[in-house]
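Participant: Sharing data.csv (CSV, C-alpha atoms) below.
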chain,number,residue,atom,x,y,z
A,177,TYR,CA,-24.0,5.1,8.6
A,178,ASP,CA,-23.0,1.6,9.6
A,179,GLU,CA,-24.4,-0.1,6.5
A,180,PHE,CA,-22.2,-2.2,4.3
A,181,SER,CA,-24.1,-1.4,1.1
A,182,LEU,CA,-23.4,2.3,1.5
A,183,ALA,CA,-19.7,1.5,2.1
A,184,GLN,CA,-19.6,-0.5,-1.1
A,185,LYS,CA,-21.2,2.2,-3.1
A,186,ALA,CA,-18.8,4.8,-1.6
A,187,MET,CA,-15.8,2.6,-2.7
A,188,ARG,CA,-17.1,2.3,-6.2
A,189,LEU,CA,-17.3,6.1,-6.3
A,190,GLY,CA,-13.7,6.4,-5.3
A,191,VAL,CA,-14.2,7.6,-1.7
A,192,SER,CA,-10.9,7.6,0.1
A,193,GLU,CA,-12.3,7.4,3.6
A,194,TYR,CA,-15.4,6.1,5.2
A,195,LEU,CA,-16.1,7.4,8.8
A,196,LEU,CA,-18.9,6.2,11.0
A,197,LYS,CA,-21.1,8.5,13.0
A,198,PRO,CA,-20.5,9.8,15.6
A,199,ILE,CA,-17.4,11.2,14.1
A,200,GLU,CA,-14.3,11.2,16.2
A,201,PHE,CA,-12.5,14.5,15.4
A,202,ASP,CA,-9.0,12.9,15.5
A,203,ASN,CA,-10.0,10.4,12.8
A,204,LEU,CA,-11.7,13.2,10.8
A,205,THR,CA,-8.5,15.3,10.9
A,206,LEU,CA,-6.4,12.4,9.8
A,207,ALA,CA,-8.8,11.5,7.0
A,208,LEU,CA,-8.8,15.1,5.7
A,209,GLU,CA,-5.0,15.2,5.9
A,210,ARG,CA,-4.7,12.0,3.9
A,211,ALA,CA,-7.3,13.2,1.4
A,212,LYS,CA,-5.4,16.4,0.9
A,213,GLN,CA,-2.2,14.5,0.3
A,214,GLN,CA,-3.9,12.2,-2.2
A,215,LEU,CA,-5.3,15.2,-4.1
A,216,GLU,CA,-1.9,16.9,-4.1
A,217,GLN,CA,-0.3,13.8,-5.4
A,218,ARG,CA,-2.9,13.4,-8.1
A,219,LYS,CA,-2.5,17.0,-9.2
A,220,LEU,CA,1.3,16.6,-9.5
A,221,TYR,CA,0.8,13.4,-11.5
A,222,LEU,CA,-1.7,15.0,-13.9
A,223,HIS,CA,0.5,18.1,-14.2
A,224,ALA,CA,3.5,15.9,-15.1
A,225,LYS,CA,1.5,13.9,-17.6
A,226,GLU,CA,0.2,17.1,-19.3
A,227,LYS,CA,3.7,18.4,-19.7
A,228,GLY,CA,4.7,15.0,-21.2
A,229,GLU,CA,7.1,14.2,-18.4
A,230,HIS,CA,7.9,10.7,-17.3
A,231,VAL,CA,6.0,9.6,-14.2
A,232,ASP,CA,7.8,7.1,-12.1
A,233,PRO,CA,5.4,4.3,-10.8
A,234,PHE,CA,7.7,3.9,-7.7
A,235,ASP,CA,6.9,7.5,-6.7
A,236,LEU,CA,3.2,6.9,-7.1
A,237,LEU,CA,3.4,3.8,-4.9
A,238,GLN,CA,4.9,5.8,-2.2
A,239,GLY,CA,1.8,7.9,-2.0
A,240,ALA,CA,1.0,7.1,1.6
A,241,ASN,CA,2.5,9.8,3.8
A,242,LEU,CA,3.2,7.8,6.9
A,243,GLY,CA,4.7,10.7,8.7
A,244,ILE,CA,1.3,11.3,10.3
A,245,VAL,CA,1.1,7.9,11.9
A,246,ALA,CA,0.5,8.6,15.6
A,247,SER,CA,0.1,5.4,17.5
A,248,ASN,CA,3.0,3.2,18.7
A,249,ARG,CA,1.1,0.1,17.6
A,250,VAL,CA,0.8,1.2,14.0
A,251,LYS,CA,4.5,2.3,14.0
A,252,ARG,CA,5.4,-1.2,15.3
A,253,MET,CA,3.2,-2.8,12.6
A,254,LEU,CA,5.0,-0.8,9.9
A,255,GLU,CA,8.4,-1.7,11.3
A,256,TYR,CA,7.3,-5.4,11.3
A,257,ILE,CA,6.2,-5.2,7.6
A,258,HIS,CA,9.5,-3.5,6.6
A,259,ALA,CA,11.6,-6.1,8.5
A,260,ASN,CA,9.7,-9.2,7.4
A,261,TYR,CA,8.0,-8.4,4.0
A,262,PHE,CA,10.0,-11.1,2.3
A,263,HIS,CA,8.4,-13.8,4.5
A,264,LYS,CA,4.8,-15.0,4.6
A,265,ILE,CA,3.3,-12.7,7.2
A,266,SER,CA,-0.1,-11.8,8.4
A,267,ILE,CA,-1.7,-9.5,10.8
A,268,HIS,CA,-2.4,-12.5,13.1
A,269,GLU,CA,1.3,-12.7,14.0
A,270,LEU,CA,1.0,-9.1,15.2
A,271,GLU,CA,-2.0,-10.0,17.2
A,272,GLU,CA,0.3,-12.1,19.4
A,273,ILE,CA,3.2,-9.7,19.4
A,274,LEU,CA,1.0,-6.6,20.3
A,275,HIS,CA,-1.5,-8.5,22.4
A,276,THR,CA,-4.4,-7.0,20.6
A,277,SER,CA,-7.1,-8.4,18.3
A,278,SER,CA,-6.4,-8.4,14.6
A,279,THR,CA,-9.7,-6.6,13.9
A,280,TYR,CA,-8.6,-3.7,16.2
A,281,LEU,CA,-5.1,-3.7,14.7
A,282,ASN,CA,-6.4,-3.6,11.1
A,283,GLN,CA,-8.9,-0.8,11.9
A,284,LYS,CA,-6.2,1.2,13.7
A,285,PHE,CA,-3.8,0.7,10.8
A,286,LYS,CA,-6.5,1.7,8.3
A,287,ASP,CA,-7.4,4.8,10.3
A,288,GLU,CA,-3.8,6.0,10.4
A,289,THR,CA,-2.5,5.0,7.0
A,290,SER,CA,-5.6,4.8,4.9
A,291,TYR,CA,-4.6,1.2,3.9
A,292,THR,CA,-5.5,-2.1,5.3
A,293,PHE,CA,-2.6,-4.2,6.6
A,294,ASN,CA,-2.7,-6.4,3.5
A,295,GLU,CA,-3.0,-3.5,1.1
A,296,TYR,CA,0.0,-1.8,2.6
A,297,LEU,CA,2.0,-5.1,2.7
A,298,ASN,CA,1.3,-5.6,-1.0
A,299,ARG,CA,2.2,-2.0,-1.8
A,300,TYR,CA,5.5,-2.3,0.1
A,301,ARG,CA,6.3,-5.6,-1.5
A,302,ILE,CA,5.7,-4.2,-5.0
A,303,MET,CA,7.9,-1.1,-4.1
A,304,GLN,CA,10.7,-3.6,-3.1
A,305,ALA,CA,10.2,-5.5,-6.4
A,306,ILE,CA,10.5,-2.3,-8.4
A,307,GLN,CA,13.7,-1.5,-6.6
A,308,MET,CA,15.0,-5.0,-7.2
A,309,ILE,CA,14.2,-4.8,-10.9
A,310,ARG,CA,15.9,-1.4,-11.1
A,311,ASP,CA,19.0,-2.6,-9.2
A,312,ASP,CA,19.3,-6.0,-10.8
A,313,ASP,CA,22.4,-6.2,-12.9
A,314,ASN,CA,22.2,-9.9,-13.5
A,315,ASP,CA,18.8,-10.1,-15.1
A,316,ARG,CA,17.2,-12.1,-12.3
A,317,LYS,CA,14.0,-13.8,-13.4
A,318,ILE,CA,10.7,-12.2,-12.4
A,319,TYR,CA,9.5,-15.3,-10.5
A,320,ALA,CA,12.7,-15.0,-8.4
A,321,ILE,CA,12.0,-11.4,-7.6
A,322,ALA,CA,8.4,-12.4,-6.7
A,323,GLU,CA,9.7,-14.9,-4.2
A,324,ALA,CA,12.3,-12.5,-2.8
A,325,VAL,CA,9.6,-10.0,-1.9
A,326,GLY,CA,7.3,-12.5,-0.2
A,327,PHE,CA,5.0,-13.7,-3.0
A,328,SER,CA,4.9,-17.5,-3.2
A,329,ASP,CA,2.4,-17.5,-6.0
A,330,TYR,CA,4.0,-16.0,-9.2
A,331,LYS,CA,0.6,-15.4,-10.9
A,332,TYR,CA,-0.7,-13.5,-7.9
A,333,PHE,CA,2.5,-11.4,-7.8
A,334,ILE,CA,1.9,-10.4,-11.5
A,335,SER,CA,-1.7,-9.6,-10.7
A,336,VAL,CA,-0.8,-7.4,-7.7
A,337,PHE,CA,2.1,-5.7,-9.7
A,338,LYS,CA,-0.3,-4.8,-12.5
A,339,LYS,CA,-2.8,-3.5,-10.0
A,340,TYR,CA,-0.3,-1.0,-8.6
A,341,VAL,CA,2.0,-0.2,-11.6
A,342,ASN,CA,-0.5,-0.8,-14.5
A,343,ILE,CA,1.8,-3.0,-16.5
A,344,SER,CA,3.3,-6.5,-15.9
A,345,PRO,CA,6.7,-6.8,-14.1
A,346,LYS,CA,8.3,-8.1,-17.4
A,347,LYS,CA,7.0,-5.1,-19.4
A,348,PHE,CA,8.1,-2.8,-16.5
A,349,ALA,CA,11.6,-4.2,-16.7
A,350,GLU,CA,11.7,-3.8,-20.4
A,351,LYS,CA,10.3,-0.3,-20.4
A,352,TYR,CA,12.2,1.2,-17.5
A,353,MET,CA,15.4,-0.7,-17.7
A,354,GLY,CA,16.0,-0.6,-21.4
Would you mind writing the file out in structure tokens?

Facilitator:
Amino acid sequence: YDEFSLAQKAMRLGVSEYLLKPIEFDNLTLALERAKQQLEQRKLYLHAKEKGEHVDPFDLLQGANLGIVASNRVKRMLEYIHANYFHKISIHELEEILHTSSTYLNQKFKDETSYTFNEYLNRYRIMQAIQMIRDDDNDRKIYAIAEAVGFSDYKYFISVFKKYVNISPKKFAEKYMG
């Protein structure tokens, strides 16, 4: 159904995919593959927690299996994010580079990765921040790490970090880096 209220309700219930009728079988196959991967990841996480094992937030952030990305456009979008994440970037820049509308690009990106462009960009930036916190021998300040991974607003960085890692960057550094 193409009704926004139903999509909102589905999101609140934790639905991982929302496909419109008539269903394109390629999209259905990709959606099922992503759902299967998410379930497997969740089972591994719960199993590790039950056994009292340490669960690394970095590993959880890498949940998107991007090996199933099919289109060249989405591959180029991912390459662009990976090469430019530390700058202020938006999907509108890719609109010009790929000569395609941002609406189409965002939909294609979501279809193939299960993330919107901005969601993936933020996840990738947080993964890079975690890596910087881990690799940092000189106790670089959190605001400097935020800037280094492309967040110009320190408070927004903390908010996004908490969203994905469930603790603040400072507490993460204290907890995981001793």

Participant: Using only C-alpha atoms, which residues sit within 9 Å of Lys264 (chain A) once same-chain residues fewer than 4 positions away are excluded, as a tab-separated table (two decimals) with C-alpha atoms, keeping the file's coordinate frame?

Facilitator:
chain	number	residue	atom	x	y	z
A	260	ASN	CA	9.70	-9.20	7.40
A	326	GLY	CA	7.30	-12.50	-0.20
A	327	PHE	CA	5.00	-13.70	-3.00
A	328	SER	CA	4.90	-17.50	-3.20

Participant: Nearest residue to Glu209 (chain A) out of A:Asn342, A:Ser278, A:Gln304, A:Thr289, using only C-alpha atoms?

Facilitator: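 The closest residue to Glu209 (chain A) is A:Thr289.
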
Participant: Could you check which of A:Tyr280, A:Phe333, A:Phe293, A:Phe285 is closest to Pro345 (chain A), using all atoms listed in the file?

Facilitator: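 Answer, going by the shortest atom-to-atom distance: A:Phe333.
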
Participant: Go ahead and compute the interatomic distance for CA of Ile321 (chain A) and CA of Ala305 (chain A), in Å to one decimal.

Facilitator: 6.3 Å

Participant: CA of Leu215 (chain A) to CA of Ile343 (chain A): how many Å, to one decimal?

Facilitator: 23.1 Å

Participant: Using all atoms listed in the file, which protein or nucleic acid residues come within 10 Å of Ser277 (chain A)? Drop anything in the same chain fewer than 5 positions from it, and give the result as a short mmCIF file (atom, residue, chain, number, x, y, z; two decimals) with C-alpha atoms, in the frame of the given file.

Facilitator:
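File around_5.cif, as written:
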data_model
loop_
_atom_site.label_atom_id
_atom_site.label_comp_id
_atom_site.auth_asym_id
_atom_site.auth_seq_id
_atom_site.Cartn_x
_atom_site.Cartn_y
_atom_site.Cartn_z
CA ILE A 267 -1.70 -9.50 10.80
CA HIS A 268 -2.40 -12.50 13.10
CA LEU A 270 1.00 -9.10 15.20
CA GLU A 271 -2.00 -10.00 17.20
CA GLU A 272 0.30 -12.10 19.40
CA ASN A 282 -6.40 -3.60 11.10
#

Participant: With distances taken over all atoms listed in the file, which residue among A:Ala324, A:Ala349, A:Ile257, A:Val341 lies nearest Ile309 (chain A)?

Facilitator: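 Looking at the shortest contact to Ile309 (chain A), the residue is A:Ala349.
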
Participant: With only C-alpha atoms as the atoms that count, which of A:Ala211, A:Ile334, A:Ala322, A:Leu195 lies nearest to Gln283 (chain A)?

Facilitator: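 Going through A:Ala211, A:Ile334, A:Ala322, A:Leu195 one by one, the smallest distance to Gln283 (chain A) is for A:Leu195.
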
Participant: Using all atoms listed in the file, which of A:Ile265, A:Ile306, A:Ala259, A:Val250 sits nearest Lys286 (chain A)?

Facilitator: A:Val250

Participant: What does the structure give for the distance between CA of Arg299 (chain A) and CA of Lys331 (chain A), in Å to one decimal?

Facilitator: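 Computing it gives 16.3 Å between the two atoms.
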
Participant: With distances taken over only C-alpha atoms, which of A:Lys197, A:Tyr261, A:Arg249, A:Ser344 is nearest to His275 (chain A)?

Facilitator: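 Answer, going by the shortest atom-to-atom distance: A:Arg249.
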